[in-house]
>>> print(open('final.cif').read())   # mmCIF, C-alpha atoms, pLDDT in the B column; chains and numbers go by the auth columns
data_query
loop_
_atom_site.group_PDB
_atom_site.id
_atom_site.type_symbol
_atom_site.label_atom_id
_atom_site.label_comp_id
_atom_site.label_asym_id
_atom_site.label_seq_id
_atom_site.Cartn_x
_atom_site.Cartn_y
_atom_site.Cartn_z
_atom_site.B_iso_or_equiv
_atom_site.auth_seq_id
_atom_site.auth_asym_id
ATOM 1 C CA MET A 1 -36.466 -8.869 22.027 37.00 1 A
ATOM 2 C CA PRO A 2 -34.430 -9.997 18.935 45.00 2 A
ATOM 3 C CA ARG A 3 -31.522 -7.888 20.156 51.00 3 A
ATOM 4 C CA ARG A 4 -31.668 -9.548 23.563 51.00 4 A
ATOM 5 C CA THR A 5 -31.776 -12.974 21.921 77.00 5 A
ATOM 6 C CA LYS A 6 -28.670 -12.165 19.898 79.00 6 A
ATOM 7 C CA GLU A 7 -26.873 -10.935 23.014 81.00 7 A
ATOM 8 C CA ASP A 8 -27.836 -14.136 24.847 79.00 8 A
ATOM 9 C CA ALA A 9 -26.503 -16.241 21.987 83.00 9 A
ATOM 10 C CA GLN A 10 -23.194 -14.360 22.009 86.00 10 A
ATOM 11 C CA ALA A 11 -22.946 -14.762 25.770 89.00 11 A
ATOM 12 C CA THR A 12 -23.519 -18.524 25.466 90.00 12 A
ATOM 13 C CA ARG A 13 -20.914 -18.782 22.713 91.00 13 A
ATOM 14 C CA HIS A 14 -18.420 -16.952 24.908 90.00 14 A
ATOM 15 C CA GLN A 15 -19.233 -19.282 27.818 92.00 15 A
ATOM 16 C CA LEU A 16 -18.579 -22.305 25.622 94.00 16 A
ATOM 17 C CA LEU A 17 -15.253 -20.964 24.374 93.00 17 A
ATOM 18 C CA GLU A 18 -14.087 -20.204 27.902 93.00 18 A
ATOM 19 C CA ALA A 19 -15.225 -23.626 29.130 94.00 19 A
ATOM 20 C CA ALA A 20 -13.504 -25.362 26.217 94.00 20 A
ATOM 21 C CA GLN A 21 -10.270 -23.577 27.042 93.00 21 A
ATOM 22 C CA ARG A 22 -10.427 -24.733 30.663 94.00 22 A
ATOM 23 C CA VAL A 23 -11.340 -28.342 29.889 95.00 23 A
ATOM 24 C CA PHE A 24 -8.906 -28.706 26.977 93.00 24 A
ATOM 25 C CA ALA A 25 -6.114 -27.435 29.241 92.00 25 A
ATOM 26 C CA ASP A 26 -7.090 -29.886 31.986 93.00 26 A
ATOM 27 C CA LYS A 27 -7.837 -33.054 30.008 91.00 27 A
ATOM 28 C CA GLY A 28 -6.243 -32.547 26.610 90.00 28 A
ATOM 29 C CA VAL A 29 -8.223 -32.052 23.429 90.00 29 A
ATOM 30 C CA SER A 30 -8.632 -35.637 22.278 87.00 30 A
ATOM 31 C CA ARG A 31 -9.837 -36.793 25.718 90.00 31 A
ATOM 32 C CA THR A 32 -12.382 -33.998 26.036 92.00 32 A
ATOM 33 C CA SER A 33 -15.963 -34.633 24.915 92.00 33 A
ATOM 34 C CA LEU A 34 -18.524 -32.059 23.921 93.00 34 A
ATOM 35 C CA GLN A 35 -20.511 -33.178 26.949 93.00 35 A
ATOM 36 C CA ASP A 36 -17.553 -32.264 29.165 95.00 36 A
ATOM 37 C CA ILE A 37 -17.520 -28.777 27.694 95.00 37 A
ATOM 38 C CA ALA A 38 -21.280 -28.353 27.941 94.00 38 A
ATOM 39 C CA GLN A 39 -21.196 -29.401 31.586 93.00 39 A
ATOM 40 C CA ALA A 40 -18.323 -27.007 32.350 95.00 40 A
ATOM 41 C CA ALA A 41 -20.210 -24.182 30.647 93.00 41 A
ATOM 42 C CA GLY A 42 -23.470 -24.983 32.445 92.00 42 A
ATOM 43 C CA VAL A 43 -25.433 -25.486 29.217 91.00 43 A
ATOM 44 C CA SER A 44 -26.941 -28.393 27.304 88.00 44 A
ATOM 45 C CA ARG A 45 -24.986 -30.303 24.685 87.00 45 A
ATOM 46 C CA GLY A 46 -27.512 -29.039 22.152 88.00 46 A
ATOM 47 C CA ALA A 47 -26.319 -25.497 22.853 89.00 47 A
ATOM 48 C CA ILE A 48 -22.887 -26.455 21.530 91.00 48 A
ATOM 49 C CA TYR A 49 -24.339 -27.663 18.221 92.00 49 A
ATOM 50 C CA TRP A 50 -26.231 -24.386 17.877 92.00 50 A
ATOM 51 C CA HIS A 51 -22.875 -22.578 17.712 92.00 51 A
ATOM 52 C CA PHE A 52 -20.376 -25.183 16.489 93.00 52 A
ATOM 53 C CA LYS A 53 -20.489 -28.119 14.075 91.00 53 A
ATOM 54 C CA ASN A 54 -18.198 -30.364 16.113 91.00 54 A
ATOM 55 C CA LYS A 55 -15.219 -30.347 18.471 90.00 55 A
ATOM 56 C CA ALA A 56 -12.797 -29.326 15.742 89.00 56 A
ATOM 57 C CA ASP A 57 -14.975 -26.344 14.866 92.00 57 A
ATOM 58 C CA LEU A 58 -15.092 -25.348 18.528 92.00 58 A
ATOM 59 C CA PHE A 59 -11.325 -25.746 18.897 90.00 59 A
ATOM 60 C CA ASN A 60 -10.640 -23.623 15.816 90.00 60 A
ATOM 61 C CA ALA A 61 -13.005 -20.913 17.075 91.00 61 A
ATOM 62 C CA MET A 62 -11.100 -20.886 20.356 90.00 62 A
ATOM 63 C CA MET A 63 -7.827 -20.521 18.459 87.00 63 A
ATOM 64 C CA GLU A 64 -9.230 -17.640 16.418 86.00 64 A
ATOM 65 C CA CYS A 65 -9.626 -15.641 19.623 81.00 65 A
ATOM 66 C CA ALA A 66 -5.854 -15.709 20.068 81.00 66 A
ATOM 67 C CA ILE A 67 -4.401 -15.743 16.569 80.00 67 A
ATOM 68 C CA LEU A 68 -6.767 -13.483 14.604 72.00 68 A
ATOM 69 C CA PRO A 69 -5.246 -10.231 15.938 72.00 69 A
ATOM 70 C CA MET A 70 -1.796 -11.610 15.112 75.00 70 A
ATOM 71 C CA GLU A 71 -2.821 -12.605 11.599 76.00 71 A
ATOM 72 C CA GLN A 72 -4.325 -9.177 11.032 74.00 72 A
ATOM 73 C CA ALA A 73 -1.119 -7.491 12.204 76.00 73 A
ATOM 74 C CA MET A 74 0.889 -9.522 9.675 77.00 74 A
ATOM 75 C CA GLN A 75 -1.568 -8.794 6.872 75.00 75 A
ATOM 76 C CA ARG A 76 -1.291 -5.045 7.447 77.00 76 A
ATOM 77 C CA ILE A 77 2.437 -5.050 6.718 79.00 77 A
ATOM 78 C CA GLY A 78 3.269 -3.139 3.540 70.00 78 A
ATOM 79 C CA HIS A 79 -0.106 -1.443 3.169 74.00 79 A
ATOM 80 C CA ASP A 80 1.369 1.920 4.139 76.00 80 A
ATOM 81 C CA ALA A 81 4.200 2.889 1.790 76.00 81 A
ATOM 82 C CA ARG A 82 5.557 5.275 4.417 84.00 82 A
ATOM 83 C CA GLN A 83 6.280 2.394 6.810 87.00 83 A
ATOM 84 C CA ASP A 84 9.371 0.202 6.674 91.00 84 A
ATOM 85 C CA PRO A 85 8.139 -3.392 6.135 90.00 85 A
ATOM 86 C CA LEU A 86 11.083 -4.720 8.149 93.00 86 A
ATOM 87 C CA VAL A 87 10.135 -2.613 11.163 92.00 87 A
ATOM 88 C CA GLU A 88 6.494 -3.626 10.753 92.00 88 A
ATOM 89 C CA LEU A 89 7.460 -7.308 10.520 93.00 89 A
ATOM 90 C CA GLU A 90 9.538 -7.159 13.689 94.00 90 A
ATOM 91 C CA ARG A 91 6.777 -5.260 15.493 92.00 91 A
ATOM 92 C CA ALA A 92 4.121 -7.805 14.485 91.00 92 A
ATOM 93 C CA MET A 93 6.270 -10.743 15.600 92.00 93 A
ATOM 94 C CA LEU A 94 7.134 -9.137 18.929 94.00 94 A
ATOM 95 C CA GLN A 95 3.489 -8.234 19.528 91.00 95 A
ATOM 96 C CA THR A 96 2.705 -11.923 19.199 91.00 96 A
ATOM 97 C CA MET A 97 5.408 -12.830 21.701 93.00 97 A
ATOM 98 C CA HIS A 98 4.248 -10.103 24.086 94.00 98 A
ATOM 99 C CA SER A 99 0.656 -11.366 23.953 91.00 99 A
ATOM 100 C CA ILE A 100 1.755 -14.925 24.696 92.00 100 A
ATOM 101 C CA ALA A 101 3.978 -13.809 27.576 94.00 101 A
ATOM 102 C CA THR A 102 1.558 -11.373 29.230 94.00 102 A
ATOM 103 C CA ASP A 103 -2.019 -12.368 28.381 91.00 103 A
ATOM 104 C CA ALA A 104 -3.175 -15.392 30.381 90.00 104 A
ATOM 105 C CA SER A 105 -5.876 -16.427 27.899 89.00 105 A
ATOM 106 C CA THR A 106 -3.586 -16.187 24.867 89.00 106 A
ATOM 107 C CA ARG A 107 -0.895 -18.115 26.685 91.00 107 A
ATOM 108 C CA ALA A 108 -3.364 -20.835 27.695 90.00 108 A
ATOM 109 C CA ILE A 109 -4.623 -21.229 24.140 88.00 109 A
ATOM 110 C CA PHE A 110 -1.094 -21.507 22.736 88.00 110 A
ATOM 111 C CA GLU A 111 -0.219 -24.012 25.443 90.00 111 A
ATOM 112 C CA ILE A 112 -3.196 -26.139 24.437 89.00 112 A
ATOM 113 C CA ALA A 113 -2.272 -25.857 20.750 86.00 113 A
ATOM 114 C CA THR A 114 1.355 -26.843 21.335 84.00 114 A
ATOM 115 C CA GLN A 115 1.067 -29.371 24.159 86.00 115 A
ATOM 116 C CA LYS A 116 -2.500 -30.630 24.541 86.00 116 A
ATOM 117 C CA VAL A 117 -3.720 -31.533 21.041 83.00 117 A
ATOM 118 C CA GLU A 118 -3.362 -34.797 19.115 82.00 118 A
ATOM 119 C CA TYR A 119 -4.324 -34.797 15.461 79.00 119 A
ATOM 120 C CA VAL A 120 -6.600 -37.836 15.588 75.00 120 A
ATOM 121 C CA ASP A 121 -9.337 -38.316 12.974 78.00 121 A
ATOM 122 C CA GLU A 122 -11.900 -36.061 14.610 76.00 122 A
ATOM 123 C CA LEU A 123 -9.332 -33.253 14.768 80.00 123 A
ATOM 124 C CA LEU A 124 -8.056 -33.345 11.186 84.00 124 A
ATOM 125 C CA ALA A 125 -9.789 -30.009 10.593 82.00 125 A
ATOM 126 C CA VAL A 126 -7.677 -28.590 13.425 82.00 126 A
ATOM 127 C CA LYS A 127 -4.511 -29.842 11.720 84.00 127 A
ATOM 128 C CA GLN A 128 -5.640 -28.302 8.443 86.00 128 A
ATOM 129 C CA ARG A 129 -6.356 -24.964 10.116 81.00 129 A
ATOM 130 C CA HIS A 130 -2.986 -25.061 11.870 82.00 130 A
ATOM 131 C CA ALA A 131 -1.215 -25.821 8.590 86.00 131 A
ATOM 132 C CA LYS A 132 -3.042 -23.015 6.786 84.00 132 A
ATOM 133 C CA CYS A 133 -2.210 -20.534 9.541 83.00 133 A
ATOM 134 C CA SER A 134 1.446 -21.543 9.374 86.00 134 A
ATOM 135 C CA ALA A 135 1.542 -21.288 5.575 89.00 135 A
ATOM 136 C CA ASP A 136 -0.222 -17.920 5.534 87.00 136 A
ATOM 137 C CA GLY A 137 2.106 -16.526 8.186 87.00 137 A
ATOM 138 C CA THR A 138 5.185 -17.723 6.313 92.00 138 A
ATOM 139 C CA LEU A 139 3.875 -16.194 3.075 92.00 139 A
ATOM 140 C CA GLU A 140 3.357 -12.838 4.790 90.00 140 A
ATOM 141 C CA MET A 141 6.908 -13.013 6.134 93.00 141 A
ATOM 142 C CA GLN A 142 8.218 -13.811 2.660 95.00 142 A
ATOM 143 C CA ARG A 143 6.410 -10.836 1.171 92.00 143 A
ATOM 144 C CA SER A 144 7.763 -8.546 3.888 93.00 144 A
ATOM 145 C CA LEU A 145 11.333 -9.784 3.454 95.00 145 A
ATOM 146 C CA GLN A 146 11.166 -9.292 -0.308 95.00 146 A
ATOM 147 C CA GLU A 147 9.814 -5.764 0.077 93.00 147 A
ATOM 148 C CA ALA A 148 12.419 -4.892 2.704 94.00 148 A
ATOM 149 C CA ALA A 149 15.215 -6.244 0.503 96.00 149 A
ATOM 150 C CA ALA A 150 13.934 -4.292 -2.513 94.00 150 A
ATOM 151 C CA ARG A 151 13.810 -1.057 -0.539 93.00 151 A
ATOM 152 C CA ARG A 152 17.392 -1.565 0.621 93.00 152 A
ATOM 153 C CA SER A 153 18.679 -2.804 -2.733 95.00 153 A
ATOM 154 C CA VAL A 154 19.814 -5.958 -0.953 95.00 154 A
ATOM 155 C CA ARG A 155 20.049 -9.347 -2.603 96.00 155 A
ATOM 156 C CA LEU A 156 19.030 -12.000 -0.109 96.00 156 A
ATOM 157 C CA PRO A 157 21.682 -14.722 0.332 96.00 157 A
ATOM 158 C CA ILE A 158 18.985 -17.413 0.135 97.00 158 A
ATOM 159 C CA ALA A 159 15.600 -17.647 -1.577 97.00 159 A
ATOM 160 C CA ALA A 160 12.954 -15.483 0.065 96.00 160 A
ATOM 161 C CA ASP A 161 10.641 -18.427 0.722 96.00 161 A
ATOM 162 C CA VAL A 162 13.440 -20.324 2.485 97.00 162 A
ATOM 163 C CA ALA A 163 14.353 -17.213 4.493 97.00 163 A
ATOM 164 C CA ALA A 164 10.725 -16.858 5.563 96.00 164 A
ATOM 165 C CA LEU A 165 10.540 -20.519 6.589 96.00 165 A
ATOM 166 C CA GLY A 166 13.608 -20.062 8.745 97.00 166 A
ATOM 167 C CA LEU A 167 12.178 -16.958 10.391 95.00 167 A
ATOM 168 C CA HIS A 168 8.879 -18.720 11.039 94.00 168 A
ATOM 169 C CA ALA A 169 10.730 -21.728 12.488 95.00 169 A
ATOM 170 C CA LEU A 170 12.670 -19.400 14.798 96.00 170 A
ATOM 171 C CA MET A 171 9.433 -17.915 16.086 93.00 171 A
ATOM 172 C CA VAL A 172 7.714 -21.285 16.572 92.00 172 A
ATOM 173 C CA GLY A 173 10.784 -22.753 18.248 95.00 173 A
ATOM 174 C CA LEU A 174 11.019 -19.904 20.731 96.00 174 A
ATOM 175 C CA ILE A 175 7.339 -20.231 21.609 93.00 175 A
ATOM 176 C CA HIS A 176 7.611 -23.990 22.142 93.00 176 A
ATOM 177 C CA SER A 177 10.762 -23.683 24.242 95.00 177 A
ATOM 178 C CA TRP A 178 9.286 -20.929 26.391 95.00 178 A
ATOM 179 C CA MET A 179 6.053 -22.850 26.917 92.00 179 A
ATOM 180 C CA LEU A 180 8.020 -25.771 28.322 92.00 180 A
ATOM 181 C CA ALA A 181 9.923 -23.578 30.790 93.00 181 A
ATOM 182 C CA PRO A 182 8.677 -19.967 30.966 93.00 182 A
ATOM 183 C CA GLU A 183 11.079 -19.171 33.785 95.00 183 A
ATOM 184 C CA SER A 184 14.128 -20.094 31.698 96.00 184 A
ATOM 185 C CA PHE A 185 14.193 -16.950 29.550 97.00 185 A
ATOM 186 C CA GLU A 186 12.346 -13.719 28.828 97.00 186 A
ATOM 187 C CA LEU A 187 10.352 -14.419 25.684 97.00 187 A
ATOM 188 C CA VAL A 188 10.089 -10.925 24.204 97.00 188 A
ATOM 189 C CA ALA A 189 13.698 -9.908 24.857 97.00 189 A
ATOM 190 C CA VAL A 190 15.171 -13.147 23.503 98.00 190 A
ATOM 191 C CA SER A 191 12.815 -13.040 20.509 97.00 191 A
ATOM 192 C CA LYS A 192 13.859 -9.480 19.704 97.00 192 A
ATOM 193 C CA SER A 193 17.526 -10.426 19.808 97.00 193 A
ATOM 194 C CA GLY A 194 16.967 -13.599 17.783 97.00 194 A
ATOM 195 C CA ILE A 195 14.868 -11.893 15.110 96.00 195 A
ATOM 196 C CA ARG A 196 17.360 -9.051 14.658 96.00 196 A
ATOM 197 C CA THR A 197 20.300 -11.459 14.484 97.00 197 A
ATOM 198 C CA TYR A 198 18.499 -13.569 11.886 97.00 198 A
ATOM 199 C CA LEU A 199 17.566 -10.539 9.779 97.00 199 A
ATOM 200 C CA ALA A 200 21.116 -9.191 9.986 96.00 200 A
ATOM 201 C CA GLY A 201 22.318 -12.524 8.641 96.00 201 A
ATOM 202 C CA LEU A 202 20.116 -11.903 5.611 96.00 202 A
ATOM 203 C CA GLY A 203 21.701 -8.485 5.165 96.00 203 A
ATOM 204 C CA LEU A 204 18.583 -6.760 6.416 94.00 204 A
ATOM 205 C CA GLN A 205 18.743 -4.205 9.177 84.00 205 A
ATOM 206 C CA ALA A 206 16.183 -1.597 10.188 72.00 206 A
#
>>> encode(input="final.cif", output="structure tokens")
Amino acid sequence: MPRRTKEDAQATRHQLLEAAQRVFADKGVSRTSLQDIAQAAGVSRGAIYWHFKNKADLFNAMMECAILPMEQAMQRIGHDARQDPLVELERAMLQTMHSIATDASTRAIFEIATQKVEYVDELLAVKQRHAKCSADGTLEMQRSLQEAAARRSVRLPIAADVAALGLHALMVGLIHSWMLAPESFELVAVSKSGIRTYLAGLGLQA
């Protein structure tokens, strides 16, 4: 029986996350209430509070579904001395772009995060999580660039932290532009070209 109860709880949590994604996409995050999500999921409002503290907590849990695999891919860079950190960095970034371009759920979540959220008071925790994710990703890029430069005996033309910020901005800019008009360019192909051109400008080539 306890096992069944745990499975039921996980199923309800999954229902809530899926419902939140649908309602956030339709109404926007700030205009969506927890009651809206509960109704869309076919559960009571109390069920939401069993799994999540508030709307920001629910939103961040929804985001985790999409970005956790990407964060893990970045964190694995450099752990295997036999692998080229530059190749690993490019692979991790392109995997992110591929997921956004081909996985409907990932794309929907990124669309909500870039176009449907306003950082009003109740969503300050969302802003903080977004900022932390951005900072962590940039730090991982910086570490990878420094390791790649050291392996190639290359002196970066700009500080590694600035180089990482530029690379992160390139990635974010491409995602935002593609989200606004997905038919205007092929996300993975353009990202691959842009990333390689940027890295070459730093004197780094795989």
>>> closest_residue(input="final.cif", among="A:Val162, A:Val43, A:Ala25, A:Ala56", to="Arg13 of chain A", atoms="all atoms listed in the file")
A:Val43
>>> closest_atom_pairs(input="final.cif", of="segment 7-47 of chain A", to="segment 65-68 of chain A", cutoff="12 Å", atoms="all atoms listed in the file", output="JSON lines")
{"residue": "A:His14", "atom": "CA", "partner": "A:Cys65", "partner_atom": "CA", "distance": 10.3}
{"residue": "A:Leu17", "atom": "CA", "partner": "A:Cys65", "partner_atom": "CA", "distance": 9.1}
{"residue": "A:Glu18", "atom": "CA", "partner": "A:Cys65", "partner_atom": "CA", "distance": 10.5}
{"residue": "A:Gln21", "atom": "CA", "partner": "A:Cys65", "partner_atom": "CA", "distance": 10.9}
>>> residues_around(input="final.cif", residues="Arg196 of chain A", least_positions_apart="6", cutoff="9 Å", atoms="all atoms listed in the file", output="JSON, numbers by chain")
{"A": [90, 204, 205, 206]}
>>> closest_residue(input="final.cif", among="A:Glu64, A:Asp36, A:Glu122, A:Glu88", to="Ala148 of chain A", atoms="all atoms listed in the file")
A:Glu88
>>> atom_distance(input="final.cif", atom1="atom CA of Val190 of chain A", atom2="atom CA of Lys132 of chain A")
26.6 Å
>>> residues_near_point(input="final.cif", point="(2.7, -21.5, 26.1)", cutoff="10 Å", atoms="all atoms listed in the file", output="list of chain:residue names")
A:Ile100, A:Ala101, A:Ala104, A:Thr106, A:Arg107, A:Ala108, A:Ile109, A:Phe110, A:Glu111, A:Ile112, A:Ala113, A:Thr114, A:Gln115, A:Ile175, A:His176, A:Ser177, A:Trp178, A:Met179, A:Leu180, A:Ala181, A:Pro182
>>> resolve_selection(input="final.cif", expression="the PyMOL selection byres ((chain A and resi 15) around 12)", output="VMD selection string")
chain A and resid 8 to 14 16 to 22 37 to 44 47 to 48 51 58 62
>>> atom_distance(input="final.cif", atom1="atom CA of Ser105 of chain A", atom2="atom CA of Val23 of chain A")
13.3 Å
>>> atom_distance(input="final.cif", atom1="atom CA of Ala150 of chain A", atom2="atom CA of Gly201 of chain A")
16.2 Å
>>> resolve_selection(input="final.cif", expression="the PyMOL selection byres ((chain A and resi 138) around 10)", output="MDAnalysis selection string")
chainID A and resid 74 132:137 139:144 161:169
>>> closest_residue(input="final.cif", among="A:Leu86, A:Ala61, A:Leu34, A:Leu187", to="Arg152 of chain A", atoms="all atoms listed in the file")
A:Leu86
>>> residues_around(input="final.cif", residues="Glu147 of chain A", least_positions_apart="4", cutoff="8 Å", atoms="all atoms listed in the file", output="ChimeraX atom specification")
/A:78,85,143,151
>>> axis_aligned_box(input="final.cif", around="segment 86-97 of chain A", padding_each_side="4 Å", output="AutoDock Vina command-line options")
--center_x 6.9 --center_y -7.7 --center_z 14.9 --size_x 16.4 --size_y 18.2 --size_z 21.6
>>> decode(input="final.cif", residues="segment 36-55 of chain A", atoms="N, CA, C and O atoms", output="PDB file, in the first residue's frame")
ATOM      1  N   ASP A  36      -6.557  27.826 -11.006  1.00  0.00           N
ATOM      2  CA  ASP A  36      -6.592  27.529 -12.439  1.00  0.00           C
ATOM      3  C   ASP A  36      -5.857  26.224 -12.738  1.00  0.00           C
ATOM      4  O   ASP A  36      -6.331  25.387 -13.508  1.00  0.00           O
ATOM      5  N   ILE A  37      -4.699  26.082 -12.120  1.00  0.00           N
ATOM      6  CA  ILE A  37      -3.879  24.891 -12.361  1.00  0.00           C
ATOM      7  C   ILE A  37      -4.540  23.653 -11.774  1.00  0.00           C
ATOM      8  O   ILE A  37      -4.576  22.593 -12.406  1.00  0.00           O
ATOM      9  N   ALA A  38      -5.076  23.788 -10.566  1.00  0.00           N
ATOM     10  CA  ALA A  38      -5.752  22.660  -9.935  1.00  0.00           C
ATOM     11  C   ALA A  38      -6.935  22.199 -10.787  1.00  0.00           C
ATOM     12  O   ALA A  38      -7.141  21.000 -11.000  1.00  0.00           O
ATOM     13  N   GLN A  39      -7.693  23.157 -11.283  1.00  0.00           N
ATOM     14  CA  GLN A  39      -8.851  22.825 -12.116  1.00  0.00           C
ATOM     15  C   GLN A  39      -8.413  22.125 -13.402  1.00  0.00           C
ATOM     16  O   GLN A  39      -9.024  21.142 -13.826  1.00  0.00           O
ATOM     17  N   ALA A  40      -7.346  22.626 -14.020  1.00  0.00           N
ATOM     18  CA  ALA A  40      -6.845  22.021 -15.263  1.00  0.00           C
ATOM     19  C   ALA A  40      -6.316  20.607 -15.021  1.00  0.00           C
ATOM     20  O   ALA A  40      -6.394  19.751 -15.894  1.00  0.00           O
ATOM     21  N   ALA A  41      -5.788  20.384 -13.824  1.00  0.00           N
ATOM     22  CA  ALA A  41      -5.238  19.066 -13.496  1.00  0.00           C
ATOM     23  C   ALA A  41      -6.308  18.112 -12.981  1.00  0.00           C
ATOM     24  O   ALA A  41      -6.054  16.908 -12.846  1.00  0.00           O
ATOM     25  N   GLY A  42      -7.481  18.626 -12.654  1.00  0.00           N
ATOM     26  CA  GLY A  42      -8.559  17.790 -12.137  1.00  0.00           C
ATOM     27  C   GLY A  42      -8.341  17.365 -10.698  1.00  0.00           C
ATOM     28  O   GLY A  42      -8.745  16.276 -10.298  1.00  0.00           O
ATOM     29  N   VAL A  43      -7.678  18.250  -9.912  1.00  0.00           N
ATOM     30  CA  VAL A  43      -7.433  17.947  -8.500  1.00  0.00           C
ATOM     31  C   VAL A  43      -7.851  19.145  -7.659  1.00  0.00           C
ATOM     32  O   VAL A  43      -8.195  20.211  -8.185  1.00  0.00           O
ATOM     33  N   SER A  44      -7.811  18.983  -6.350  1.00  0.00           N
ATOM     34  CA  SER A  44      -8.155  20.087  -5.454  1.00  0.00           C
ATOM     35  C   SER A  44      -6.961  21.032  -5.312  1.00  0.00           C
ATOM     36  O   SER A  44      -5.819  20.647  -5.559  1.00  0.00           O
ATOM     37  N   ARG A  45      -7.235  22.249  -4.903  1.00  0.00           N
ATOM     38  CA  ARG A  45      -6.156  23.206  -4.673  1.00  0.00           C
ATOM     39  C   ARG A  45      -5.225  22.703  -3.571  1.00  0.00           C
ATOM     40  O   ARG A  45      -4.029  22.930  -3.599  1.00  0.00           O
ATOM     41  N   GLY A  46      -5.809  21.983  -2.608  1.00  0.00           N
ATOM     42  CA  GLY A  46      -4.995  21.442  -1.522  1.00  0.00           C
ATOM     43  C   GLY A  46      -3.930  20.484  -2.030  1.00  0.00           C
ATOM     44  O   GLY A  46      -2.850  20.368  -1.436  1.00  0.00           O
ATOM     45  N   ALA A  47      -4.226  19.795  -3.138  1.00  0.00           N
ATOM     46  CA  ALA A  47      -3.252  18.863  -3.706  1.00  0.00           C
ATOM     47  C   ALA A  47      -1.998  19.600  -4.167  1.00  0.00           C
ATOM     48  O   ALA A  47      -0.878  19.058  -4.103  1.00  0.00           O
ATOM     49  N   ILE A  48      -2.165  20.826  -4.636  1.00  0.00           N
ATOM     50  CA  ILE A  48      -1.010  21.616  -5.064  1.00  0.00           C
ATOM     51  C   ILE A  48      -0.099  21.889  -3.874  1.00  0.00           C
ATOM     52  O   ILE A  48       1.131  21.737  -3.951  1.00  0.00           O
ATOM     53  N   TYR A  49      -0.710  22.296  -2.738  1.00  0.00           N
ATOM     54  CA  TYR A  49       0.103  22.634  -1.566  1.00  0.00           C
ATOM     55  C   TYR A  49       0.755  21.406  -0.937  1.00  0.00           C
ATOM     56  O   TYR A  49       1.687  21.543  -0.134  1.00  0.00           O
ATOM     57  N   TRP A  50       0.278  20.231  -1.268  1.00  0.00           N
ATOM     58  CA  TRP A  50       0.931  19.007  -0.794  1.00  0.00           C
ATOM     59  C   TRP A  50       2.285  18.841  -1.480  1.00  0.00           C
ATOM     60  O   TRP A  50       3.238  18.333  -0.904  1.00  0.00           O
ATOM     61  N   HIS A  51       2.370  19.323  -2.731  1.00  0.00           N
ATOM     62  CA  HIS A  51       3.582  19.130  -3.536  1.00  0.00           C
ATOM     63  C   HIS A  51       4.432  20.394  -3.681  1.00  0.00           C
ATOM     64  O   HIS A  51       5.649  20.300  -3.853  1.00  0.00           O
ATOM     65  N   PHE A  52       3.792  21.561  -3.622  1.00  0.00           N
ATOM     66  CA  PHE A  52       4.514  22.808  -3.884  1.00  0.00           C
ATOM     67  C   PHE A  52       4.124  23.879  -2.865  1.00  0.00           C
ATOM     68  O   PHE A  52       2.968  23.970  -2.471  1.00  0.00           O
ATOM     69  N   LYS A  53       5.098  24.716  -2.500  1.00  0.00           N
ATOM     70  CA  LYS A  53       4.844  25.755  -1.504  1.00  0.00           C
ATOM     71  C   LYS A  53       3.965  26.881  -2.051  1.00  0.00           C
ATOM     72  O   LYS A  53       3.120  27.422  -1.347  1.00  0.00           O
ATOM     73  N   ASN A  54       4.189  27.231  -3.310  1.00  0.00           N
ATOM     74  CA  ASN A  54       3.466  28.343  -3.922  1.00  0.00           C
ATOM     75  C   ASN A  54       3.644  28.275  -5.440  1.00  0.00           C
ATOM     76  O   ASN A  54       4.228  27.326  -5.964  1.00  0.00           O
ATOM     77  N   LYS A  55       3.192  29.292  -6.136  1.00  0.00           N
ATOM     78  CA  LYS A  55       3.258  29.275  -7.598  1.00  0.00           C
ATOM     79  C   LYS A  55       4.700  29.320  -8.092  1.00  0.00           C
ATOM     80  O   LYS A  55       5.038  28.665  -9.081  1.00  0.00           O
TER      81      LYS A  55
END
